[in-house]
Every structure is written in structure tokens, then in C-alpha cells.
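entry-v5.cif follows; it contains mmCIF, C-alpha atoms.
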data_start
loop_
_atom_site.label_atom_id
_atom_site.label_comp_id
_atom_site.auth_asym_id
_atom_site.auth_seq_id
_atom_site.Cartn_x
_atom_site.Cartn_y
_atom_site.Cartn_z
CA MET V 1 48.80 73.92 28.89
CA GLN V 2 50.97 73.79 31.95
CA GLY V 3 50.31 76.21 34.76
CA VAL V 4 52.95 77.44 37.16
CA GLY V 5 54.37 74.50 39.06
CA GLY V 6 52.02 71.89 37.62
CA PHE V 7 50.97 69.74 34.69
CA TRP V 8 47.74 69.52 32.74
CA GLY V 9 46.88 66.10 31.39
CA GLU V 10 46.36 64.65 27.88
CA GLY V 11 45.77 67.87 26.04
CA MET V 12 44.38 69.50 29.18
CA VAL V 13 43.99 73.23 29.62
CA ALA V 14 45.07 74.85 32.86
CA PRO V 15 42.51 76.78 34.95
CA GLU V 16 44.11 80.02 33.73
CA ARG V 17 43.23 78.97 30.20
CA LEU V 18 39.70 78.03 31.19
CA SER V 19 39.08 81.38 32.79
CA LYS V 20 40.45 83.11 29.70
CA GLY V 21 37.98 81.22 27.58
CA SER V 22 35.06 82.10 29.83
CA ASP V 23 35.88 85.78 29.42
CA ARG V 24 35.27 85.44 25.71
CA THR V 25 31.63 84.36 25.90
CA ARG V 26 29.54 85.81 23.09
CA SER V 27 26.52 86.55 25.28
CA SER V 28 24.93 88.78 22.64
CA LEU V 29 24.59 85.97 20.10
CA PRO V 30 21.15 84.37 19.56
CA CYS V 31 20.27 81.25 21.53
CA PRO V 32 21.93 78.38 19.60
CA THR V 33 19.61 75.68 20.93
CA ARG V 34 16.07 75.05 19.80
CA SER V 35 15.08 73.41 23.07
CA PRO V 36 11.97 75.23 24.39
CA GLY V 37 12.83 74.23 27.94
CA ALA V 38 16.32 75.75 27.70
CA CYS V 39 15.09 78.99 26.15
CA SER V 40 12.27 79.42 28.66
CA LEU V 41 14.71 78.88 31.51
CA LEU V 42 17.15 81.35 29.96
CA HIS V 43 14.49 84.06 29.72
CA GLY V 44 13.08 83.51 33.18
CA GLY V 45 10.39 80.92 32.51
CA SER V 46 9.71 77.98 34.83
CA ARG V 47 11.36 79.81 37.70
CA ARG V 48 10.34 78.35 41.07
CA ARG V 49 9.19 80.34 44.02
CA GLY V 50 10.79 80.01 47.46
CA ARG V 51 10.68 76.82 49.47
CA GLY V 52 7.09 75.57 49.39
CA GLY V 53 5.99 78.83 47.74
CA ALA V 54 6.15 80.86 50.97
CA ALA V 55 8.82 81.90 53.41
CA GLY V 56 9.48 79.34 56.12
CA ARG V 57 7.18 76.65 54.73
CA GLU V 58 8.69 73.16 54.85
CA GLU V 59 8.59 70.88 51.80
CA MET V 60 6.75 67.60 52.13
CA PRO V 61 8.44 64.38 50.86
CA GLY V 62 6.26 64.37 47.76
CA GLN V 63 7.31 67.91 46.99
CA VAL V 64 10.99 66.97 47.29
CA ARG V 65 10.51 64.07 44.89
CA GLY V 66 8.62 66.31 42.52
CA ARG V 67 11.38 68.90 42.69
CA ASP V 68 14.06 66.29 41.86
CA GLU V 69 12.00 64.97 38.97
CA GLY V 70 11.55 68.52 37.75
CA ARG V 71 15.31 69.08 37.84
CA ARG V 72 15.85 65.97 35.72
CA GLU V 73 13.22 67.13 33.22
CA GLN V 74 14.95 70.50 33.01
CA ARG V 75 18.29 68.81 32.40
CA MET V 76 16.74 66.79 29.56
CA HIS V 77 15.30 70.00 28.08
CA LEU V 78 18.78 71.51 28.12
CA VAL V 79 19.99 68.80 25.77
CA GLY V 80 16.96 68.64 23.52
CA THR V 81 19.21 68.98 20.49
CA ARG V 82 22.10 66.86 21.77
CA PHE V 83 21.46 64.00 19.33
CA GLU V 84 21.46 66.45 16.44
CA LEU V 85 24.82 67.85 17.51
CA CYS V 86 26.88 64.70 17.94
CA LEU V 87 27.42 61.45 16.11
CA ALA V 88 26.00 58.01 16.70
CA GLU V 89 27.29 55.26 18.96
CA SER V 90 30.90 54.94 17.77
CA VAL V 91 33.78 57.05 16.53
CA PRO V 92 34.06 56.65 12.74
CA TYR V 93 37.24 55.75 10.88
CA LEU V 94 38.67 57.44 7.80
CA ASP V 95 41.21 55.75 5.52
CA GLY V 96 43.22 58.91 5.04
CA LEU V 97 43.16 62.63 5.65
CA PRO V 98 40.57 64.34 3.43
CA PRO V 99 41.30 67.68 1.71
CA PRO V 100 41.39 70.59 4.19
CA LEU V 101 38.07 72.13 3.13
CA GLU V 102 36.28 68.78 3.32
CA PHE V 103 37.81 68.04 6.72
CA TYR V 104 36.70 71.43 8.00
CA GLN V 105 33.15 71.05 6.66
CA GLU V 106 32.60 67.42 7.64
CA TRP V 107 34.40 67.24 11.01
CA VAL V 108 35.57 70.55 12.47
CA CYS V 109 32.39 72.55 11.88
CA PRO V 110 30.04 69.80 13.15
CA ASN V 111 32.43 69.24 16.09
CA LYS V 112 32.65 65.48 15.44
CA PRO V 113 35.60 63.22 16.34
CA CYS V 114 37.09 60.68 13.98
CA ILE V 115 40.04 58.28 13.81
CA ILE V 116 42.19 58.60 10.71
CA ARG V 117 44.38 55.84 9.36
CA ASN V 118 47.37 56.31 7.04
CA ALA V 119 47.60 59.97 8.01
CA PHE V 120 51.29 60.03 8.98
CA ASP V 121 52.75 56.86 7.45
CA HIS V 122 55.62 58.97 6.11
CA TRP V 123 56.87 59.96 9.58
CA PRO V 124 60.27 58.38 10.44
CA ALA V 125 59.08 58.24 14.07
CA LEU V 126 56.78 55.30 13.27
CA THR V 127 59.75 53.03 12.66
CA LYS V 128 62.53 54.78 14.60
CA TRP V 129 60.93 55.56 17.97
CA THR V 130 61.76 52.50 19.99
CA LEU V 131 62.83 52.92 23.61
CA THR V 132 66.35 51.95 22.54
CA TYR V 133 66.42 54.70 19.93
CA LEU V 134 65.02 57.29 22.35
CA ARG V 135 67.64 56.32 24.91
CA GLU V 136 70.42 56.81 22.34
CA VAL V 137 69.12 60.17 21.14
CA MET V 138 68.08 61.69 24.46
CA SER V 139 70.66 59.93 26.66
CA SER V 140 70.90 61.54 30.10
CA LYS V 141 69.32 64.86 29.14
CA LEU V 142 67.16 66.28 31.94
CA VAL V 143 63.42 66.23 31.22
CA SER V 144 60.26 66.96 33.23
CA VAL V 145 58.37 63.94 34.53
CA ALA V 146 55.05 63.85 36.38
CA VAL V 147 55.15 61.53 39.42
CA THR V 148 52.08 60.47 41.41
CA PRO V 149 51.33 57.70 43.91
CA ASN V 150 48.27 56.46 42.01
CA GLY V 151 48.73 57.42 38.35
CA TYR V 152 46.24 60.28 38.49
CA ALA V 153 47.81 63.65 37.73
CA ASP V 154 45.59 66.72 37.74
CA ALA V 155 42.68 64.99 39.43
CA VAL V 156 40.41 65.13 42.46
CA TYR V 157 41.90 63.26 45.41
CA GLN V 158 40.94 63.56 49.06
CA ASP V 159 38.69 66.56 48.34
CA ARG V 160 41.49 68.48 46.63
CA PHE V 161 42.53 69.13 43.06
CA VAL V 162 45.98 67.56 43.19
CA LEU V 163 48.83 68.16 40.77
CA PRO V 164 51.68 65.68 40.32
CA GLU V 165 55.17 66.19 41.62
CA GLU V 166 57.18 67.67 38.78
CA ARG V 167 60.54 65.95 38.80
CA ARG V 168 63.53 66.84 36.66
CA MET V 169 65.45 63.68 35.91
CA PRO V 170 67.72 62.19 33.23
CA PHE V 171 65.66 60.72 30.42
CA SER V 172 67.67 57.52 30.62
CA ALA V 173 66.72 57.15 34.32
CA PHE V 174 63.06 57.62 33.38
CA LEU V 175 63.38 54.87 30.74
CA ASP V 176 64.94 52.57 33.34
CA ILE V 177 61.70 52.88 35.33
CA VAL V 178 59.45 52.37 32.28
CA GLU V 179 61.46 49.30 31.24
CA LYS V 180 61.36 48.06 34.85
CA LYS V 181 65.12 47.90 35.12
CA VAL V 182 64.77 49.72 38.42
CA THR V 183 61.89 50.28 40.81
CA SER V 184 60.84 53.59 42.25
CA PRO V 185 57.81 54.66 44.32
CA GLY V 186 55.02 56.15 42.25
CA VAL V 187 53.82 56.23 38.65
CA PHE V 188 55.95 58.10 36.11
CA TYR V 189 54.66 59.91 33.03
CA VAL V 190 56.25 62.35 30.58
CA GLN V 191 53.20 64.52 30.03
CA LYS V 192 54.35 68.08 30.50
CA GLN V 193 52.72 70.26 27.92
CA CYS V 194 53.56 73.83 26.87
CA SER V 195 54.89 72.22 23.66
CA ASN V 196 57.37 69.96 25.43
CA LEU V 197 58.28 68.20 22.17
CA THR V 198 59.74 71.40 20.75
CA GLU V 199 61.04 72.69 24.11
CA GLU V 200 62.44 69.59 25.84
CA PHE V 201 62.77 67.06 22.99
CA PRO V 202 63.93 69.11 19.98
CA GLU V 203 66.27 66.25 19.04
CA LEU V 204 63.16 64.28 18.00
CA MET V 205 61.47 66.95 15.89
CA GLY V 206 63.10 65.74 12.69
CA ASP V 207 61.16 62.47 12.98
CA VAL V 208 57.71 64.11 12.92
CA GLU V 209 56.12 67.17 11.32
CA PRO V 210 55.96 70.56 13.06
CA ASP V 211 52.22 70.68 12.32
CA ILE V 212 49.47 68.70 10.61
CA PRO V 213 49.30 70.38 7.18
CA CYS V 214 45.66 69.46 6.56
CA MET V 215 44.57 70.93 9.90
CA THR V 216 46.79 73.98 9.53
CA LYS V 217 45.20 74.77 6.15
CA ALA V 218 41.68 73.97 7.36
CA LEU V 219 41.95 76.26 10.39
CA GLY V 220 44.24 78.87 8.90
CA LYS V 221 46.63 78.74 11.85
CA LYS V 222 49.62 76.88 13.24
CA PRO V 223 49.34 74.74 16.37
CA ASP V 224 49.83 76.46 19.71
CA ALA V 225 51.72 73.45 21.08
CA VAL V 226 53.19 70.08 20.07
CA ASN V 227 53.42 67.65 22.98
CA PHE V 228 55.26 64.37 23.60
CA TRP V 229 53.73 61.60 25.75
CA LEU V 230 55.39 58.51 27.20
CA GLY V 231 54.61 56.68 30.42
CA GLU V 232 53.48 53.70 32.39
CA SER V 233 50.14 51.94 31.92
CA ALA V 234 49.03 53.03 35.39
CA ALA V 235 49.07 56.69 34.29
CA VAL V 236 45.51 57.93 33.77
CA THR V 237 44.17 61.27 32.61
CA SER V 238 41.02 62.25 34.48
CA LEU V 239 37.86 63.39 32.70
CA HIS V 240 38.17 66.96 31.43
CA LYS V 241 37.68 69.15 28.36
CA ASP V 242 39.93 71.53 26.41
CA HIS V 243 39.51 74.73 24.43
CA TYR V 244 41.65 73.24 21.66
CA GLU V 245 41.19 71.26 18.47
CA ASN V 246 43.29 68.26 19.39
CA VAL V 247 45.06 66.06 16.81
CA TYR V 248 46.42 63.03 18.64
CA CYS V 249 48.91 60.72 16.91
CA VAL V 250 49.90 57.39 18.47
CA ILE V 251 53.42 56.30 17.51
CA SER V 252 53.54 52.99 19.41
CA GLY V 253 51.20 51.16 21.75
CA GLU V 254 47.57 52.15 22.27
CA LYS V 255 45.55 54.96 23.84
CA HIS V 256 42.10 54.26 25.23
CA PHE V 257 39.72 57.22 25.14
CA LEU V 258 36.34 57.63 26.80
CA LEU V 259 34.59 60.60 25.21
CA HIS V 260 31.55 62.73 25.96
CA PRO V 261 30.14 65.32 23.55
CA PRO V 262 29.74 68.86 24.89
CA SER V 263 25.99 68.28 24.98
CA ASP V 264 26.52 65.86 27.88
CA ARG V 265 27.53 68.78 30.11
CA PRO V 266 24.24 68.77 32.15
CA PHE V 267 25.03 65.23 33.31
CA ILE V 268 28.70 65.78 34.18
CA PRO V 269 29.29 67.23 37.66
CA TYR V 270 31.71 70.03 38.46
CA GLU V 271 32.77 71.05 41.95
CA LEU V 272 35.30 73.51 43.36
CA TYR V 273 38.43 72.14 45.04
CA PRO V 274 41.42 73.73 46.77
CA PRO V 275 44.59 73.07 44.76
CA ALA V 276 47.41 70.94 46.12
CA THR V 277 50.49 69.06 44.92
CA PHE V 278 51.93 65.61 45.54
CA HIS V 279 55.38 65.59 47.15
CA ILE V 280 57.48 62.53 47.88
CA SER V 281 59.12 62.24 51.28
CA GLU V 282 62.58 60.88 52.02
CA ASP V 283 61.07 57.54 53.02
CA GLY V 284 59.41 57.21 49.60
CA SER V 285 55.87 57.96 50.74
CA PHE V 286 53.75 60.66 49.15
CA GLU V 287 52.21 63.59 50.96
CA ILE V 288 49.76 66.22 49.76
CA VAL V 289 50.88 69.82 50.17
CA ASP V 290 48.14 72.44 49.97
CA GLU V 291 48.72 75.62 48.00
CA ASP V 292 48.16 78.55 50.32
CA SER V 293 46.06 81.52 49.22
CA ALA V 294 45.17 79.87 45.91
CA GLU V 295 41.75 80.06 44.28
CA LYS V 296 39.67 76.91 44.13
CA VAL V 297 39.73 74.95 40.89
CA PRO V 298 36.57 73.72 39.13
CA TRP V 299 37.02 70.05 38.28
CA ILE V 300 35.06 66.88 37.56
CA PRO V 301 35.05 64.53 40.58
CA LEU V 302 33.40 61.64 38.73
CA ASP V 303 35.32 58.59 37.51
CA PRO V 304 33.56 57.56 34.27
CA LEU V 305 34.95 54.02 34.55
CA ASN V 306 33.32 53.54 37.95
CA PRO V 307 30.75 56.32 38.38
CA ASP V 308 29.13 56.86 41.76
CA LEU V 309 25.55 56.97 40.49
CA GLU V 310 24.17 57.36 43.98
CA ARG V 311 26.03 60.63 44.34
CA TYR V 312 25.76 61.65 40.67
CA PRO V 313 22.52 60.06 39.40
CA ASP V 314 22.26 62.35 36.38
CA TYR V 315 25.36 60.76 34.84
CA VAL V 316 23.27 57.74 33.86
CA GLN V 317 21.78 59.99 31.14
CA ALA V 318 25.20 60.64 29.58
CA LYS V 319 26.25 58.82 26.44
CA PRO V 320 29.98 58.05 26.51
CA LEU V 321 31.84 56.87 23.43
CA LYS V 322 34.83 54.57 23.81
CA CYS V 323 37.58 54.16 21.26
CA THR V 324 41.11 52.80 21.04
CA VAL V 325 43.69 54.66 18.98
CA LYS V 326 46.43 52.30 17.83
CA ALA V 327 49.94 52.88 16.54
CA GLY V 328 49.85 54.72 13.23
CA GLU V 329 46.37 56.14 13.87
CA MET V 330 45.36 59.75 14.42
CA LEU V 331 42.42 60.89 16.56
CA TYR V 332 40.76 64.19 15.78
CA LEU V 333 39.33 65.23 19.16
CA PRO V 334 37.19 68.34 18.73
CA SER V 335 37.31 71.24 21.15
CA LEU V 336 35.12 71.05 24.27
CA TRP V 337 34.67 67.27 24.09
CA PHE V 338 35.18 65.67 27.50
CA HIS V 339 37.78 62.90 27.50
CA HIS V 340 39.29 60.39 29.89
CA VAL V 341 42.47 58.61 28.74
CA GLN V 342 44.33 55.40 29.54
CA GLN V 343 47.24 53.78 27.71
CA SER V 344 49.25 50.64 27.18
CA HIS V 345 52.58 50.45 29.00
CA GLY V 346 55.29 52.49 27.29
CA CYS V 347 52.87 54.01 24.79
CA ILE V 348 54.42 56.87 22.80
CA ALA V 349 52.30 59.63 21.28
CA VAL V 350 52.47 63.17 19.92
CA ASN V 351 49.57 65.62 19.90
CA TYR V 352 48.98 69.00 18.29
CA TRP V 353 46.87 71.70 19.91
CA TYR V 354 45.14 74.21 17.64
CA ASP V 355 43.32 77.05 19.35
CA MET V 356 39.56 76.73 18.85
CA ASP V 357 37.40 79.36 17.17
CA TYR V 358 35.19 81.10 19.71
CA ASP V 359 32.12 80.93 17.51
CA LEU V 360 28.50 79.83 17.85
CA LYS V 361 29.53 76.36 19.08
CA TYR V 362 31.38 77.96 21.96
CA SER V 363 28.39 80.18 22.74
CA TYR V 364 26.15 77.10 22.75
CA TYR V 365 28.45 75.37 25.20
CA GLN V 366 28.61 78.43 27.46
CA LEU V 367 24.82 78.60 27.46
CA LEU V 368 24.53 74.91 28.28
CA ASP V 369 27.15 75.24 31.01
CA SER V 370 25.42 78.23 32.58
CA LEU V 371 22.00 76.62 32.51
CA SER V 372 23.42 73.41 33.99
CA LYS V 373 24.73 75.42 36.93
CA VAL V 374 21.34 77.14 37.38
CA VAL V 375 19.47 73.83 37.37
CA ALA V 376 21.99 72.31 39.82
CA LEU V 377 21.21 75.06 42.32
CA LYS V 378 17.45 74.46 42.24
#

What would you get if you wrote out this structure as C-alpha cells?
Amino acid sequence: MQGVGGFWGEGMVAPERLSKGSDRTRSSLPCPTRSPGACSLLHGGSRRRGRGGAAGREEMPGQVRGRDEGRREQRMHLVGTRFELCLAESVPYLDGLPPPLEFYQEWVCPNKPCIIRNAFDHWPALTKWTLTYLREVMSSKLVSVAVTPNGYADAVYQDRFVLPEERRMPFSAFLDIVEKKVTSPGVFYVQKQCSNLTEEFPELMGDVEPDIPCMTKALGKKPDAVNFWLGESAAVTSLHKDHYENVYCVISGEKHFLLHPPSDRPFIPYELYPPATFHISEDGSFEIVDEDSAEKVPWIPLDPLNPDLERYPDYVQAKPLKCTVKAGEMLYLPSLWFHHVQQSHGCIAVNYWYDMDYDLKYSYYQLLDSLSKVVALK
């Protein structure tokens, strides 16, 4: 959801949202992992003494290697049940939406993604939403567009967490850029969230549904937000996770997802970065403007398409899943799954955010996250 003065990408939750979620940790619940290594670490077992076992004693090279190997073993212990908690090597397909109770039992409760065909064949948007139609309906109405020099909004760049420039512009002018009728510095992407489909594009709501009835019945709640996505192929959403059950519907084009289950958390690095924003100068060049007196933002610096394994060697243990969601297909992306997103040029999509239940799955993730941070400090 959008924070003040910035965007949050591809179903992304702003840091304010993340901190809200962390306040809701159910620390009193029993340990939801059966990994002996994780439980022993949680209750104080396998805790190392000071450097070399005594104050001031230097570690020998063999001790350093042993310490690093020990850290990797601890990370593997943390995910002892990871293969029980996620699916196999690909995202499965369904040939239609199952009944709500079945969908909840088979997919939401196990926290497993799936791609569903024939789920919204009845939407007029599937046949009506061409760029020509959108131009006629939206015309020169002002909309919010994310503009970056490199296509990465809400991402780590030059040791900062950098937000895109938020530009208000006529929708028709934005389409001129997408259709390459004009050129303009930067990469343009309609990706503002906070339910931008209902807030900025209400003229289009009659062509889709206000919610996904199956999901609404399964979860017993309406979506918090319905978002509209349209942009250039160079626009990329960096690796992140959300505290939402995400139902992602591709209207035209393709979306390319790289996914990690929550159990991959020990292998995915987080670091703290000062926030900043891209701003375009009069000469068309981009500059980075730091946000004064702002708290640092925890974010993932790793690019899963080209990971720096020398800097982040533990990532080699992660098990990414790749899938392509085509026009007319719906991706159910469970809460807390990490995802990195690319798209075909001019791809149009709508997604629905349903607030997750802060249940045992969430407590498991919080435990895994906390233990990952402890191990990283050793």
C-alpha cells in the first residue's frame, strides 16, 4: 500500500504496514517448527561464547571457517520443515476456481500458490481493455505514474532505498509514451496502489468485479484494495513480500513471477537503507534526493535474476519458483511469499489484496525471521 509520497510495487506493502504486522506477533504461541536446531536456538541452546571462548583471544583461520560452516548448518536447521510447508518445483494450474471451502483448505491454509484458468472469462475487460479503449474512456484524466531512470521503483540503488518520482499526468500522455508515439526520459509505470482502480480509474470498474467472490467467501472479508497495473517492459518490481493474500489477474500481455516460499527467509538477505526518492531535473537527468530525518527501511538488496553469490552465498540454498501468468489467467499468491515481477510491454493487470490472517503461519514466519537475524549476527 502506498506510503506518503511514494509507491509500493506489485502488491507491495509499505514499511508502515510491515511494522504494523510485526507488532502483531503471537509470541505466546507454541513453536510451529519441528526443527530441533531451530527450537534449541530459540531456547538458548548452541549459543556460542565470546570470540575464541575468552575475552581478547583472536580466532584462527580454521576457527573462522568452522564458524561460517556452523552458521550455514544453523540456517539449514531453521528450515528443517521447509519442504513440508511448500510445494514442489513448479506452480500448479487449476482449470477453474474451486468452491470457496475447497480453495481455502487446499490453497490458502497450506499457503500454496496456484495459477487458475477460466476464472474471470466473464469479465468485459478481457475483450474491451485495449489501449485504444482505455484512451477513449480515460482520455486526458490526470493519473499517478511512477517514473524511474532504470525501471526499478521501491528498490535498493546506490546504498539507498529509492522510491520513484510520482508524476501526475494525463492518461493519454502516459499512453503516448507506452505506445512510443513520444519519447521521454525514464521508465513509466502505473503502479500506484491504495486501490487505485477504484480511486483513480472508477470509469473502468464496470468491466471487472469489485472482488473475487470465491476468495471473499473463503476468507470472510472483502479486499482491502483493488489495483490497476499498466507499464513498460523495463518496469521491474524488486524482490519483496506482502502481508496480503494476493489475487493477480492478467488482462493482456504476460507477467513473469519469481517466487520464494516464506521458508526461504534464512537465505534471503535484508539490510537497512536510508530512504530517498528519484527526481528528474530540467535537463532530463535523474537525481536522488534523500529524505531527511527518516527512519531506515529494511529491504532486500539481492537481485534474484543475477544474485551476487560472493556477497550473499546463502542464497544458493534458496529454491525459487518461476512462472508466467498470461492473459486470462489468475495467480493466487499467498501472503508472505517473496516475489520479483517483470512484464511484457503494455501488460495490463488487476490485483486484489485481502488482509492475511495473523495465525500460526504468521507466527512461524516471525520465528523464522527472528532466528535468521540471530544467526546472521553470529

Among the residues V:Thr132, V:Thr237, V:Gln342, V:Asn118, the one that comes closest to Ala327 (chain V) [using only C-alpha atoms]: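 Between V:Thr132, V:Thr237, V:Gln342, V:Asn118, the residue approaching Ala327 (chain V) most closely is V:Asn118.
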
Counting all atoms listed in the file, the option among V:Asp290, V:His240, V:Ser172, V:Pro320 closest to Asp154 (chain V): V:His240

Can you give me, as a PDB file with C-alpha atoms, in the frame of the given file, the residues this file yields under the PyMOL selection byres ((chain V and resi 173) around 10)?
ATOM      1  CA  ARG V 135      67.640  56.320  24.910  1.00  0.00           C
ATOM      2  CA  SER V 139      70.660  59.930  26.660  1.00  0.00           C
ATOM      3  CA  SER V 140      70.900  61.540  30.100  1.00  0.00           C
ATOM      4  CA  LYS V 141      69.320  64.860  29.140  1.00  0.00           C
ATOM      5  CA  LEU V 142      67.160  66.280  31.940  1.00  0.00           C
ATOM      6  CA  MET V 169      65.450  63.680  35.910  1.00  0.00           C
ATOM      7  CA  PRO V 170      67.720  62.190  33.230  1.00  0.00           C
ATOM      8  CA  PHE V 171      65.660  60.720  30.420  1.00  0.00           C
ATOM      9  CA  SER V 172      67.670  57.520  30.620  1.00  0.00           C
ATOM     10  CA  PHE V 174      63.060  57.620  33.380  1.00  0.00           C
ATOM     11  CA  LEU V 175      63.380  54.870  30.740  1.00  0.00           C
ATOM     12  CA  ASP V 176      64.940  52.570  33.340  1.00  0.00           C
ATOM     13  CA  ILE V 177      61.700  52.880  35.330  1.00  0.00           C
ATOM     14  CA  VAL V 178      59.450  52.370  32.280  1.00  0.00           C
ATOM     15  CA  GLU V 179      61.460  49.300  31.240  1.00  0.00           C
ATOM     16  CA  LYS V 181      65.120  47.900  35.120  1.00  0.00           C
ATOM     17  CA  VAL V 182      64.770  49.720  38.420  1.00  0.00           C
TER      18      VAL V 182
END

Between CA of Leu302 (chain V) and CA of Asp224 (chain V), distance in Å (one decimal):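 For CA of Leu302 (chain V) relative to CA of Asp224 (chain V), the distance reads 29.2 Å.
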
Output of the PyMOL selection byres ((chain V and resi 272) around 10), listed as a PyMOL selection string: chain V and resi 156+159-161+270-271+273-275+295-301

Hits from the PyMOL selection byres ((chain V and resi 365) around 10), listed as a list in words: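 This file gives the following for the PyMOL selection byres ((chain V and resi 365) around 10): Thr25, Pro32, Thr33, Pro262, Ser263, Arg265, Leu336, Leu360, Lys361, Tyr362, Ser363, Tyr364, Gln366, Leu367, Leu368, Asp369, Ser370 and Leu371 of chain V.
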
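In this structure, CA of Leu305 (chain V) sits 14.1 Å away from CA of Ala234 (chain V).
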
Can you give me N, CA and C atoms for region 232-245 of chain V, written as a PDB file, in the coordinates of the input?
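Produced file rebuild_22.pdb, reproduced below:
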ATOM      1  N   GLU V 232      53.892  55.020  31.941  1.00  0.00           N
ATOM      2  CA  GLU V 232      53.480  53.700  32.390  1.00  0.00           C
ATOM      3  C   GLU V 232      51.982  53.490  32.176  1.00  0.00           C
ATOM      4  N   SER V 233      51.553  52.243  32.154  1.00  0.00           N
ATOM      5  CA  SER V 233      50.140  51.940  31.920  1.00  0.00           C
ATOM      6  C   SER V 233      49.256  52.402  33.060  1.00  0.00           C
ATOM      7  N   ALA V 234      49.824  52.579  34.240  1.00  0.00           N
ATOM      8  CA  ALA V 234      49.030  53.030  35.390  1.00  0.00           C
ATOM      9  C   ALA V 234      48.696  54.514  35.329  1.00  0.00           C
ATOM     10  N   ALA V 235      49.328  55.248  34.411  1.00  0.00           N
ATOM     11  CA  ALA V 235      49.070  56.690  34.290  1.00  0.00           C
ATOM     12  C   ALA V 235      47.726  56.910  33.606  1.00  0.00           C
ATOM     13  N   VAL V 236      46.871  57.677  34.257  1.00  0.00           N
ATOM     14  CA  VAL V 236      45.510  57.930  33.770  1.00  0.00           C
ATOM     15  C   VAL V 236      45.261  59.427  33.736  1.00  0.00           C
ATOM     16  N   THR V 237      44.575  59.876  32.697  1.00  0.00           N
ATOM     17  CA  THR V 237      44.170  61.270  32.610  1.00  0.00           C
ATOM     18  C   THR V 237      42.694  61.369  32.975  1.00  0.00           C
ATOM     19  N   SER V 238      42.388  62.152  33.998  1.00  0.00           N
ATOM     20  CA  SER V 238      41.020  62.250  34.480  1.00  0.00           C
ATOM     21  C   SER V 238      40.134  62.989  33.473  1.00  0.00           C
ATOM     22  N   LEU V 239      38.827  62.813  33.625  1.00  0.00           N
ATOM     23  CA  LEU V 239      37.860  63.390  32.700  1.00  0.00           C
ATOM     24  C   LEU V 239      37.942  64.921  32.725  1.00  0.00           C
ATOM     25  N   HIS V 240      38.052  65.511  31.544  1.00  0.00           N
ATOM     26  CA  HIS V 240      38.170  66.960  31.430  1.00  0.00           C
ATOM     27  C   HIS V 240      37.854  67.352  29.989  1.00  0.00           C
ATOM     28  N   LYS V 241      37.854  68.644  29.716  1.00  0.00           N
ATOM     29  CA  LYS V 241      37.680  69.150  28.360  1.00  0.00           C
ATOM     30  C   LYS V 241      38.749  70.203  28.090  1.00  0.00           C
ATOM     31  N   ASP V 242      38.946  70.521  26.803  1.00  0.00           N
ATOM     32  CA  ASP V 242      39.930  71.530  26.410  1.00  0.00           C
ATOM     33  C   ASP V 242      39.316  72.522  25.435  1.00  0.00           C
ATOM     34  N   HIS V 243      39.888  73.713  25.409  1.00  0.00           N
ATOM     35  CA  HIS V 243      39.510  74.730  24.430  1.00  0.00           C
ATOM     36  C   HIS V 243      40.441  74.655  23.222  1.00  0.00           C
ATOM     37  N   TYR V 244      40.766  73.446  22.804  1.00  0.00           N
ATOM     38  CA  TYR V 244      41.650  73.240  21.660  1.00  0.00           C
ATOM     39  C   TYR V 244      41.076  72.192  20.728  1.00  0.00           C
ATOM     40  N   GLU V 245      41.363  72.353  19.437  1.00  0.00           N
ATOM     41  CA  GLU V 245      41.190  71.260  18.470  1.00  0.00           C
ATOM     42  C   GLU V 245      42.425  70.390  18.633  1.00  0.00           C
TER      43      GLU V 245
END
